[in-house]
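Listing of data.pdb, PDB, C-alpha atoms
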```
ATOM      1  CA  MET D  11      77.341 -31.123 215.211
ATOM      2  CA  THR D  12      79.385 -34.177 216.179
ATOM      3  CA  VAL D  13      83.011 -34.596 215.364
ATOM      4  CA  THR D  14      83.915 -38.073 214.188
ATOM      5  CA  PRO D  15      87.539 -39.130 214.450
ATOM      6  CA  HIS D  16      89.375 -40.572 211.482
ATOM      7  CA  PRO D  17      89.063 -44.376 211.239
ATOM      8  CA  ASP D  18      92.830 -44.733 211.723
ATOM      9  CA  GLU D  19      92.827 -42.582 214.838
ATOM     10  CA  ALA D  20      93.014 -44.449 218.159
ATOM     11  CA  ARG D  21      90.128 -43.660 220.488
ATOM     12  CA  PRO D  22      90.046 -43.989 224.277
ATOM     13  CA  GLY D  23      89.616 -47.608 225.291
ATOM     14  CA  ASP D  24      90.743 -49.136 221.977
ATOM     15  CA  GLY D  25      93.992 -50.400 223.469
ATOM     16  CA  LEU D  26      92.196 -52.005 226.386
ATOM     17  CA  VAL D  27      89.761 -53.775 224.075
ATOM     18  CA  ARG D  28      92.613 -55.118 221.936
ATOM     19  CA  ALA D  29      94.648 -56.218 224.942
ATOM     20  CA  GLY D  30      91.595 -57.844 226.496
ATOM     21  CA  GLY D  31      90.913 -59.729 223.289
ATOM     22  CA  ILE D  32      94.451 -61.076 223.201
ATOM     23  CA  VAL D  33      94.323 -62.133 226.858
ATOM     24  CA  PHE D  34      90.929 -63.767 226.254
ATOM     25  CA  ILE D  35      92.287 -65.734 223.277
ATOM     26  CA  VAL D  36      95.276 -66.929 225.328
ATOM     27  CA  GLY D  37      92.859 -68.095 228.024
ATOM     28  CA  ALA D  38      90.646 -69.826 225.462
ATOM     29  CA  VAL D  39      93.598 -71.698 223.970
ATOM     30  CA  ALA D  40      94.721 -72.682 227.474
ATOM     31  CA  THR D  41      91.209 -73.937 228.209
ATOM     32  CA  LEU D  42      91.207 -76.081 225.084
ATOM     33  CA  ALA D  43      94.658 -77.415 225.927
ATOM     34  CA  THR D  44      93.757 -78.303 229.501
ATOM     35  CA  MET D  45      90.457 -79.910 228.529
ATOM     36  CA  ALA D  46      91.995 -82.076 225.778
ATOM     37  CA  PRO D  47      93.543 -84.665 228.151
ATOM     38  CA  LEU D  48      90.133 -85.295 229.684
ATOM     39  CA  PHE D  49      88.815 -86.436 226.309
ATOM     40  CA  LEU D  50      92.000 -88.168 225.163
ATOM     41  CA  ASP D  51      92.373 -90.383 228.265
ATOM     42  CA  THR D  52      95.806 -89.006 229.153
ATOM     43  CA  ASP D  53      97.130 -87.584 232.409
ATOM     44  CA  PRO D  54      95.580 -84.190 233.200
ATOM     45  CA  PHE D  55      97.700 -81.065 233.392
ATOM     46  CA  PRO D  56      98.782 -79.725 236.818
ATOM     47  CA  SER D  57      96.685 -77.147 238.612
ATOM     48  CA  TYR D  58      98.731 -74.149 237.472
ATOM     49  CA  ALA D  59      97.687 -74.931 233.894
ATOM     50  CA  TRP D  60      94.070 -74.667 234.988
ATOM     51  CA  ALA D  61      94.848 -71.283 236.528
ATOM     52  CA  VAL D  62      95.900 -69.995 233.095
ATOM     53  CA  CYS D  63      92.347 -70.726 231.929
ATOM     54  CA  MET D  64      91.190 -67.900 234.180
ATOM     55  CA  LEU D  65      92.728 -65.504 231.662
ATOM     56  CA  MET D  66      89.500 -65.776 229.685
ATOM     57  CA  GLY D  67      87.655 -63.950 232.451
ATOM     58  CA  VAL D  68      90.478 -61.473 232.938
ATOM     59  CA  GLY D  69      90.501 -60.695 229.218
ATOM     60  CA  PHE D  70      86.752 -60.185 229.259
ATOM     61  CA  LEU D  71      87.059 -57.732 232.164
ATOM     62  CA  ILE D  72      89.865 -55.809 230.439
ATOM     63  CA  SER D  73      87.777 -55.528 227.259
ATOM     64  CA  ALA D  74      84.726 -54.444 229.247
ATOM     65  CA  ALA D  75      86.799 -51.719 230.915
ATOM     66  CA  GLY D  76      87.867 -50.525 227.457
ATOM     67  CA  VAL D  77      84.270 -50.395 226.248
ATOM     68  CA  LEU D  78      83.219 -48.443 229.343
ATOM     69  CA  ARG D  79      86.122 -46.024 228.868
ATOM     70  CA  SER D  80      85.150 -45.500 225.241
ATOM     71  CA  ALA D  81      81.513 -44.895 226.176
ATOM     72  CA  ALA D  82      82.516 -42.367 228.829
ATOM     73  CA  ALA D  83      84.708 -40.509 226.346
ATOM     74  CA  GLN D  84      81.868 -40.391 223.814
ATOM     75  CA  ARG D  85      79.505 -39.091 226.493
ATOM     76  CA  ARG D  86      81.980 -36.359 227.429
ATOM     77  CA  ALA D  87      82.400 -35.396 223.766
ATOM     78  CA  ALA D  88      78.630 -35.238 223.280
ATOM     79  CA  ARG D  89      78.222 -32.996 226.327
ATOM     80  CA  ALA D  90      81.056 -30.732 225.186
ATOM     81  CA  SER D  91      79.522 -30.359 221.718
ATOM     82  CA  GLN D  92      76.173 -29.342 223.235
ATOM     83  CA  ALA D  93      77.702 -26.610 225.366
TER      84      ALA D  93
END
```

Is it possible to give me this structure as structure tokens?
Amino acid sequence: MTVTPHPDEARPGDGLVRAGGIVFIVGAVATLATMAPLFLDTDPFPSYAWAVCMLMGVGFLISAAGVLRSAAAQRRAARASQA
């Protein structure tokens, strides 16, 4: 018998997935903003603006850590219910 949490109940890793999604979106917007001058024939942004684009990868890693944490918690719950 498995115990399913209420839909409103926060599960392990949910916060990391949300935070990672937000960081990823910030990085995606920064990528669009830094790429726009290349297509609009204007002066490109300085290098620190390009560094903000790396937030896409950071956000992906944060979200992946949240998914792994959630999977580990589900595995632990499944083992505990079998015992």

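Closest approach to Arg21 in chain D from the set D:Thr44, D:Arg86, D:Ala59, D:Arg79 is made by D:Arg79, with distances taken over only C-alpha atoms.
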
Which residues of range 50-84 of chain D come within 9 Å of range 31-42 of chain D, and for each one, what is the closest pair of atoms and their distance in Å to one decimal, counting only C-alpha atoms, sorted by chain and residue number, as a tab-separated table?
```
residue	atom	partner	partner_atom	distance
D:Ala59	CA	D:Ala40	CA	7.4
D:Trp60	CA	D:Thr41	CA	7.4
D:Val62	CA	D:Gly37	CA	6.2
D:Cys63	CA	D:Gly37	CA	4.7
D:Met64	CA	D:Gly37	CA	6.4
D:Leu65	CA	D:Gly37	CA	4.5
D:Met66	CA	D:Phe34	CA	4.2
D:Gly67	CA	D:Phe34	CA	7.0
D:Val68	CA	D:Phe34	CA	7.1
D:Gly69	CA	D:Phe34	CA	4.3
D:Phe70	CA	D:Phe34	CA	6.3
D:Ile72	CA	D:Gly31	CA	8.2
D:Ser73	CA	D:Gly31	CA	6.6
```

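One distance worth recording is that between CA of Ser57 in chain D and CA of Met45 in chain D, which is 12.2 Å.
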
Would you give the centre and edge lengths, in Å to one decimal, of a box along x, y and z around the listed atoms of range 46-50 of chain D, with 6 Å added to each side, as lines of an AutoDock Vina configuration file?
```
center_x = 91.2
center_y = -85.1
center_z = 227.4
size_x = 16.7
size_y = 18.1
size_z = 16.5
```

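From CA of Ala90 in chain D back to CA of Arg28 in chain D, the distance works out to 27.2 Å.
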
Exercise for review: State, in Å with one decimal place, the distance from CA of Ala93 in chain D to CA of Ala75 in chain D.
Suggested key: 27.3 Å

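Shortest atom-to-atom contact with Pro22 in chain D among D:Leu71, D:Ala61, D:Ala43, D:Val77: D:Val77, counting only C-alpha atoms.
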
Revision key, fill the gap. Ala20 in chain D proximity check over D:Pro54, D:Ala87, D:Ala46, D:Ser80, using only C-alpha atoms: winner is D:Ser80
